[in-house]
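Source file: run.txt (compact mmCIF, C-alpha atoms)
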# COMPACT_ATOMS: atom_id res chain seq x y z
CA MET A 1 51.92 73.22 66.09
CA THR A 2 55.10 71.68 64.73
CA ASP A 3 57.37 73.82 62.56
CA SER A 4 57.47 72.09 59.18
CA ARG A 5 61.06 73.22 58.69
CA LEU A 6 62.23 71.13 61.63
CA ASN A 7 65.06 68.75 60.92
CA LEU A 8 63.62 65.65 62.59
CA ASP A 9 66.59 63.26 62.40
CA LEU A 10 66.86 61.85 65.92
CA ASN A 11 69.89 59.60 65.52
CA VAL A 12 72.14 61.21 68.11
CA ALA A 13 75.38 59.73 66.75
CA ARG A 14 74.52 60.90 63.22
CA LEU A 15 73.64 64.38 64.48
CA GLU A 16 76.93 64.65 66.36
CA ARG A 17 78.88 63.51 63.32
CA GLY A 18 77.04 66.05 61.18
CA MET A 19 77.90 68.80 63.66
CA TRP A 20 81.57 67.71 63.56
CA ARG A 21 81.69 67.64 59.76
CA MET A 22 80.03 71.04 59.51
CA GLN A 23 83.10 72.60 61.13
CA GLN A 24 85.16 71.93 57.98
CA GLN A 25 82.60 72.73 55.31
CA ASP A 26 83.78 76.28 54.68
CA GLY A 27 86.52 75.25 52.21
CA LEU A 28 89.22 77.24 54.00
CA LEU A 29 91.41 74.20 54.71
CA ASP A 30 91.22 73.24 51.04
CA LEU A 31 92.30 76.76 50.08
CA LEU A 32 95.19 76.62 52.54
CA LEU A 33 96.44 73.36 51.04
CA GLY A 34 96.07 74.81 47.54
CA VAL A 35 98.08 77.86 48.57
CA ALA A 36 100.71 75.53 50.08
CA MET A 37 101.10 73.81 46.72
CA LEU A 38 101.33 77.14 44.90
CA ALA A 39 103.91 78.22 47.46
CA LEU A 40 105.98 75.12 46.72
CA GLY A 41 105.84 75.97 43.02
CA LEU A 42 106.86 79.59 43.59
CA ALA A 43 109.62 78.46 45.95
CA ALA A 44 111.00 76.19 43.22
CA LEU A 45 110.83 79.14 40.82
CA ALA A 46 112.71 81.36 43.25
CA GLU A 47 115.41 78.74 43.60
CA GLY A 48 115.53 78.16 39.85
CA LEU A 49 116.01 81.86 39.17
CA GLY A 50 119.25 81.72 41.06
CA GLY A 51 118.10 82.44 44.58
CA GLY A 52 119.22 79.07 45.89
CA THR A 53 117.90 77.17 48.89
CA VAL A 54 117.56 80.32 50.97
CA ALA A 55 115.21 81.87 48.40
CA ARG A 56 113.19 78.66 48.28
CA LEU A 57 112.75 78.52 52.05
CA ALA A 58 112.07 82.26 52.32
CA THR A 59 109.38 82.09 49.63
CA LEU A 60 107.80 79.05 51.24
CA CYS A 61 107.69 80.56 54.71
CA GLY A 62 106.75 83.99 53.40
CA ILE A 63 103.63 82.60 51.78
CA GLN A 64 102.65 79.79 54.11
CA PHE A 65 102.70 81.54 57.47
CA PRO A 66 100.58 84.52 56.39
CA ALA A 67 98.24 82.08 54.58
CA ALA A 68 97.76 80.05 57.76
CA LEU A 69 97.13 83.22 59.78
CA ALA A 70 94.68 84.47 57.16
CA MET A 71 92.82 81.18 57.29
CA GLY A 72 92.57 81.38 61.08
CA TRP A 73 91.29 84.95 60.89
CA ALA A 74 88.76 84.15 58.15
CA ARG A 75 87.44 81.20 60.07
CA ARG A 76 87.12 83.13 63.32
CA ARG A 77 85.58 86.29 61.86
CA TRP A 78 83.85 85.19 58.72
CA THR A 79 82.76 81.56 58.52
CA ARG A 80 82.39 80.29 62.11
CA PRO A 81 79.97 83.06 63.12
CA ARG A 82 77.72 81.82 60.33
CA ILE A 83 77.46 78.29 61.67
CA GLY A 84 77.76 78.98 65.38
CA ALA A 85 79.92 77.41 68.05
CA VAL A 86 79.90 73.85 69.36
CA ARG A 87 81.81 72.40 72.28
CA PHE A 88 82.52 68.78 71.41
CA SER A 89 82.83 65.87 73.80
CA GLY A 90 85.97 64.28 75.19
CA ARG A 91 86.23 61.73 72.39
CA ARG A 92 86.48 64.39 69.68
CA ARG A 93 88.90 66.44 71.76
CA ARG A 94 91.07 63.33 72.21
CA ASP A 95 90.98 62.76 68.44
CA ILE A 96 92.19 66.31 67.86
CA GLY A 97 94.97 65.78 70.39
CA ARG A 98 96.00 62.57 68.64
CA MET A 99 95.97 64.35 65.28
CA ARG A 100 98.23 67.09 66.64
CA TRP A 101 100.70 64.48 67.87
CA ILE A 102 100.72 62.76 64.47
CA LEU A 103 101.13 66.05 62.62
CA GLY A 104 103.86 67.14 65.01
CA GLY A 105 105.60 63.81 64.59
CA SER A 106 105.34 64.15 60.84
CA VAL A 107 106.92 67.63 60.93
CA VAL A 108 109.72 66.33 63.16
CA GLY A 109 110.18 63.28 60.92
CA THR A 110 110.34 65.47 57.81
CA ALA A 111 112.87 67.78 59.44
CA ALA A 112 114.93 64.76 60.50
CA LEU A 113 114.83 63.39 56.95
CA VAL A 114 115.99 66.74 55.58
CA LEU A 115 118.85 66.86 58.07
CA LEU A 116 119.85 63.27 57.39
CA THR A 117 119.75 63.87 53.68
CA MET A 118 122.01 66.89 54.12
CA TRP A 119 124.32 64.73 56.25
CA ALA A 120 124.15 62.15 53.43
CA ASN A 121 126.93 59.85 54.48
CA ARG A 122 125.09 58.96 57.66
CA ILE A 123 122.11 57.37 55.86
CA ARG A 124 122.52 53.59 55.76
CA PRO A 125 122.67 52.84 52.03
CA ASP A 126 121.01 49.43 52.40
CA VAL A 127 117.82 51.02 53.78
CA LEU A 128 117.10 53.18 50.77
CA GLY A 129 119.58 51.86 48.24
CA ASP A 130 117.32 49.27 46.64
CA LEU A 131 114.69 51.89 46.00
CA GLY A 132 117.13 53.98 44.02
CA THR A 133 115.75 57.23 42.68
CA TRP A 134 112.28 56.34 43.96
CA ALA A 135 113.44 56.51 47.57
CA PRO A 136 113.07 60.26 47.99
CA ALA A 137 109.75 60.18 46.14
CA LEU A 138 108.35 57.41 48.32
CA THR A 139 109.61 59.08 51.47
CA SER A 140 108.02 62.35 50.43
CA VAL A 141 104.74 60.61 49.69
CA ALA A 142 104.81 59.03 53.16
CA VAL A 143 105.39 62.34 54.96
CA ILE A 144 102.56 63.96 52.99
CA LEU A 145 100.00 61.15 52.85
CA VAL A 146 100.35 60.23 56.51
CA PRO A 147 99.54 63.65 58.01
CA LEU A 148 96.95 64.66 55.43
CA GLY A 149 95.34 61.24 55.55
CA THR A 150 95.21 61.47 59.34
CA MET A 151 93.53 64.87 59.08
CA ALA A 152 91.05 63.50 56.53
CA MET A 153 90.06 60.68 58.88
CA ILE A 154 89.95 62.58 62.15
CA LEU A 155 88.31 65.72 60.78
CA ASP A 156 86.01 63.44 58.75
CA VAL A 157 86.65 65.33 55.51
CA PRO A 158 87.25 62.79 52.70
CA ARG A 159 88.00 65.72 50.36
CA LEU A 160 91.43 66.06 52.03
CA TRP A 161 92.47 62.77 50.42
CA LEU A 162 92.16 64.50 47.05
CA HIS A 163 94.61 67.22 48.12
CA ALA A 164 96.90 64.63 49.70
CA ILE A 165 97.04 62.61 46.48
CA LEU A 166 97.57 65.75 44.36
CA LEU A 167 100.40 67.00 46.53
CA SER A 168 102.14 63.67 46.94
CA SER A 169 101.85 63.00 43.18
CA ALA A 170 103.41 66.37 42.42
CA VAL A 171 106.21 65.75 44.91
CA ALA A 172 106.88 62.23 43.63
CA ALA A 173 106.86 63.39 40.02
CA SER A 174 109.19 66.33 40.73
CA VAL A 175 111.73 64.05 42.41
CA ALA A 176 111.55 60.76 40.57
CA VAL A 177 110.67 61.67 37.00
CA ALA A 178 113.49 62.64 34.64
CA VAL A 179 113.01 66.34 34.00
CA PRO A 180 111.32 66.88 30.64
CA PRO A 181 112.30 69.90 28.50
CA ILE A 182 109.76 72.13 30.24
CA PRO A 183 111.14 75.25 31.85
CA PHE A 184 110.57 75.26 35.59
CA PHE A 185 108.97 71.82 35.54
CA GLU A 186 108.59 71.69 39.32
CA THR A 187 106.87 75.07 39.36
CA VAL A 188 104.43 73.94 36.68
CA LEU A 189 103.69 70.68 38.56
CA PHE A 190 102.94 72.35 41.87
CA GLY A 191 101.21 75.24 40.16
CA VAL A 192 98.72 72.97 38.43
CA ALA A 193 98.10 70.99 41.61
CA GLY A 194 97.71 74.20 43.62
CA VAL A 195 95.31 75.80 41.17
CA PHE A 196 93.16 72.67 41.22
CA SER A 197 93.09 72.52 45.03
CA CYS A 198 92.36 76.24 45.29
CA GLY A 199 89.56 75.75 42.77
CA VAL A 200 88.00 73.03 44.90
CA GLY A 201 88.40 75.16 48.02
CA GLY A 202 86.95 78.20 46.29
CA MET A 203 83.87 76.31 45.10
CA VAL A 204 83.26 74.88 48.57
CA LEU A 205 83.65 78.33 50.14
CA ILE A 206 81.27 79.97 47.65
CA ARG A 207 78.69 77.24 48.21
CA PHE A 208 79.08 77.68 51.96
CA LEU A 209 78.66 81.46 51.84
CA ARG A 210 75.56 81.11 49.67
CA SER A 211 73.90 78.44 51.75
CA VAL A 212 74.80 79.55 55.28
CA ARG A 213 73.68 83.09 55.90
CA GLN A 214 75.03 85.33 58.61
CA THR A 215 72.65 85.53 61.56
CA GLY A 216 73.69 86.82 64.92
CA GLU A 217 71.80 86.35 68.13
CA SER A 218 68.67 88.48 68.22
CA PRO A 219 69.30 91.40 70.60
CA GLY A 220 66.84 91.66 73.42
CA PRO A 221 66.78 92.96 76.94
CA GLN A 222 68.53 89.78 78.14
CA GLY A 223 70.27 88.80 74.94
CA MET A 224 67.34 86.65 73.76
CA GLU A 225 63.64 86.97 73.17
CA ARG A 226 61.13 85.51 75.57
CA VAL A 227 57.93 84.62 73.78
CA GLU A 228 54.94 84.62 76.08
CA GLY A 229 52.22 82.09 75.28
CA GLY A 230 52.56 81.20 71.63
CA SER A 231 52.28 77.80 70.04
CA ASN A 232 54.44 75.82 72.42
CA ARG A 233 52.78 72.90 74.18
CA MET B 1 44.07 31.12 65.21
CA ILE B 2 47.11 33.41 65.36
CA ASP B 3 49.39 32.74 68.29
CA ARG B 4 50.21 36.24 69.49
CA GLN B 5 53.00 34.97 71.74
CA GLN B 6 54.77 33.37 68.76
CA GLN B 7 54.51 36.62 66.85
CA GLY B 8 56.11 38.49 69.77
CA CYS B 9 52.94 40.40 70.52
CA SER B 10 53.03 40.09 74.24
CA ARG B 11 51.63 43.22 75.80
CA SER B 12 48.04 44.18 76.32
CA ASP B 13 46.64 47.65 75.57
CA GLY B 14 46.47 48.53 79.27
CA SER B 15 50.21 48.34 79.76
CA SER B 16 50.87 50.49 76.68
CA ARG B 17 48.54 53.15 78.05
CA SER B 18 50.54 53.13 81.26
CA VAL B 19 53.80 53.72 79.34
CA VAL B 20 52.23 56.56 77.35
CA SER B 21 51.16 58.30 80.52
CA GLU B 22 54.77 58.33 81.73
CA ILE B 23 56.08 60.18 78.69
CA ASP B 24 57.72 63.47 79.60
CA ARG B 25 55.78 66.01 77.56
CA LEU B 26 58.53 68.57 77.94
CA VAL B 27 60.86 66.30 75.99
CA HIS B 28 58.14 64.90 73.75
CA GLU B 29 57.42 68.16 71.92
CA PRO B 30 59.18 67.77 68.51
CA ALA B 31 61.15 71.02 68.60
CA ARG B 32 62.44 70.41 72.13
CA LEU B 33 63.13 66.78 71.30
CA ILE B 34 65.37 67.70 68.39
CA ILE B 35 67.10 70.41 70.44
CA MET B 36 67.88 67.89 73.15
CA ALA B 37 69.03 65.35 70.56
CA TYR B 38 71.55 67.86 69.22
CA LEU B 39 72.78 68.81 72.69
CA TYR B 40 72.99 65.20 73.84
CA GLY B 41 75.99 64.34 71.64
CA VAL B 42 78.10 67.39 72.53
CA ASP B 43 79.18 69.40 75.55
CA GLY B 44 77.35 72.51 74.39
CA ALA B 45 76.23 74.51 71.38
CA ASP B 46 75.38 78.15 70.92
CA TYR B 47 72.03 79.52 69.86
CA VAL B 48 73.17 80.33 66.32
CA PHE B 49 74.24 76.72 65.77
CA LEU B 50 71.02 75.35 67.20
CA MET B 51 68.96 77.70 65.08
CA LYS B 52 70.80 76.70 61.90
CA SER B 53 70.69 73.00 62.70
CA THR B 54 67.10 72.68 63.84
CA GLY B 55 65.54 75.06 61.32
CA LEU B 56 63.62 76.84 64.07
CA THR B 57 63.10 80.58 64.02
CA TRP B 58 64.93 82.65 66.62
CA GLY B 59 61.82 83.35 68.67
CA ASN B 60 60.68 79.74 68.59
CA LEU B 61 64.11 78.47 69.60
CA SER B 62 64.37 80.95 72.45
CA SER B 63 60.99 79.97 73.74
CA HIS B 64 61.76 76.25 73.76
CA LEU B 65 65.17 76.80 75.34
CA ASN B 66 63.53 78.91 78.05
CA ARG B 67 61.13 76.06 78.82
CA LEU B 68 64.02 73.59 79.01
CA GLU B 69 66.03 75.94 81.19
CA ASP B 70 63.08 76.48 83.53
CA ALA B 71 62.87 72.70 83.95
CA ALA B 72 66.65 72.59 84.61
CA TYR B 73 67.15 70.30 81.60
CA ILE B 74 69.67 72.70 80.10
CA GLU B 75 71.96 75.35 81.51
CA VAL B 76 72.54 78.54 79.62
CA THR B 77 75.61 80.72 79.84
CA LYS B 78 75.60 84.18 78.31
CA GLU B 79 78.62 86.24 77.42
CA PHE B 80 79.81 88.85 74.98
CA VAL B 81 82.33 87.86 72.31
CA ASP B 82 83.69 90.72 70.18
CA ARG B 83 80.91 92.89 71.61
CA LYS B 84 78.24 90.51 70.32
CA PRO B 85 75.94 88.48 72.57
CA HIS B 86 76.89 84.83 72.66
CA THR B 87 74.74 82.27 74.41
CA MET B 88 75.75 78.64 74.96
CA ALA B 89 73.31 75.89 75.92
CA LYS B 90 74.33 72.62 77.52
CA LEU B 91 72.31 69.64 78.70
CA THR B 92 72.41 69.18 82.46
CA ARG B 93 72.63 65.78 84.09
CA LYS B 94 68.90 65.99 84.76
CA GLY B 95 68.32 66.79 81.10
CA ARG B 96 70.42 63.82 79.96
CA GLU B 97 68.57 61.51 82.33
CA ALA B 98 65.25 62.84 81.09
CA PHE B 99 66.30 62.27 77.48
CA ASP B 100 67.53 58.73 78.26
CA ALA B 101 64.32 57.97 80.10
CA TYR B 102 62.30 59.26 77.17
CA ARG B 103 64.20 57.08 74.73
CA ARG B 104 63.74 54.01 76.93
CA LEU B 105 60.04 54.67 77.29
CA MET B 106 59.51 55.16 73.57
CA ARG B 107 61.42 51.99 72.79
CA GLU B 108 59.34 50.13 75.35
CA LEU B 109 56.16 51.62 73.97
CA PHE B 110 56.82 50.62 70.38
CA GLU B 111 58.16 47.20 71.24
CA GLY B 112 55.13 46.52 73.38
CA LEU B 113 52.49 47.59 70.92
CA PRO B 114 50.13 44.81 69.91
CA CYS B 115 50.64 43.50 66.42
CA ALA B 116 48.08 44.32 63.72
Write the structure described by the file as structure tokens, please.
Amino acid sequence: MTDSRLNLDLNVARLERGMWRMQQQDGLLDLLLGVAMLALGLAALAEGLGGGTVARLATLCGIQFPAALAMGWARRRWTRPRIGAVRFSGRRRRDIGRMRWILGGSVVGTAALVLLTMWANRIRPDVLGDLGTWAPALTSVAVILVPLGTMAMILDVPRLWLHAILLSSAVAASVAVAVPPIPFFETVLFGVAGVFSCGVGGMVLIRFLRSVRQTGESPGPQGMERVEGGSNR
Amino acid sequence: MIDRQQQGCSRSDGSSRSVVSEIDRLVHEPARLIIMAYLYGVDGADYVFLMKSTGLTWGNLSSHLNRLEDAAYIEVTKEFVDRKPHTMAKLTRKGREAFDAYRRLMRELFEGLPCA
């Protein structure tokens, strides 16, 4: 007798893609990106309150690193046990490797941009000069959209484009727009973007926890049940 | 008179019966078929994932996986992770060949069926 609850989709490629996408449906990555945006806002606040660049960097690192560790812990202990483990094929593993290279290159490129900007006289004026005040904004957008867009494509999570656009818009606005008479404008910008992203992540996580219940393997003498006879043909 | 050749209806009933008799019944059972379809696209999946994905109950899944393991279509590795049992299933080469053969046969069967 066939179990009526069986998912009878037999398109192997579609099944594999579904398994891949399921790995990111817990909303934790969305929450991490939201926290990153909030961290940027708080870092700007710390700098604005007189703490300077050191306070900005300390706030950023002080929030981001624990947030990333918390996400890793939550995924390992809380969400992944609910969906189970999958070992993907070489193609997916190569995609992840490629993504790491792109993200690593983006981090190195961003660091290089920061250093070059600090060593301002070494930047060739004709490269960025025509762009004027938009140059930093456009550069920031590129170093945000490229890595997040890459993650969205390789992890197959279109939702990441939303966070990428939010973050790059906030960065571009904070750099290129003439500061309006709003106290701590940058903090407000990143705060709003961060709250929105965290809201999206929170909703996805709640939906995940409600729809995917915790079930461990059924304990038995050999770690699984053996059903004798039964309805199997 | 309908020209069956022009309509692509080329096979007689006898040949279709021959294809049907070659179907691997171990693979043909719907629950085992969907399990093998999930395992075909990846290098392995654990029992929790298979249970969630297929919609089978734990006992039903275990039973089908035992049948597949007995036929050497899958290999099962058991370990303890954080003091909890963790069992991974993976299609063997024999299992992949059986699944490929099943797909070829089914395609052949349906393509060869006489037209209405």
Residues of chain B within 8 Å of chain A, all atoms listed in the file counted, as an NGL selection string: :B and (29-31 or 34 or 37-38 or 40-50 or 52-56 or 58-60 or 62-64 or 66 or 78 or 84-87)
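Picture a line from atom CA of B:Leu68 to atom CA of B:Leu33; it runs 10.3 Å.
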Between atom CA of A:Val35 and atom CA of A:Ala67, distance in Å (one decimal): 7.3 Å
Would you compute an axis-aligned box for stretch 69-79 of chain A, covering every atom listed for it in the file with 8 Å of margin on each side, and report centre and edge lengths in Å to one decimal as JSON?
{"center_x": 89.9, "center_y": 83.7, "center_z": 60.2, "size_x": 30.4, "size_y": 21.1, "size_z": 22.2}
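Closest approach to A:Gly105 from the set A:Leu29, A:Leu205, A:Met22, A:Val146 is made by A:Val146, with distances taken over only C-alpha atoms.
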Length of the atom CA of A:Ala193 to atom CA of A:Ile144 vector [Å]: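 It comes out at 14.1 Å.
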Residue with smallest distance to A:Thr150 - pool A:Ile96, A:Leu113, A:Ala172, A:Val192, counting only C-alpha atoms: A:Ile96
I'd like the contact shell of A:Gly202 - 9 Å cut-off, all atoms listed in the file, skipping same-chain residues fewer than 6 positions apart - returned as a tab-separated table (two decimals) with C-alpha atoms, keeping the file's coordinate frame.
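This is the output file result-v2.tsv:
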chain	number	residue	atom	x	y	z
A	27	GLY	CA	86.52	75.25	52.21
A	28	LEU	CA	89.22	77.24	54.00
A	30	ASP	CA	91.22	73.24	51.04
A	31	LEU	CA	92.30	76.76	50.08
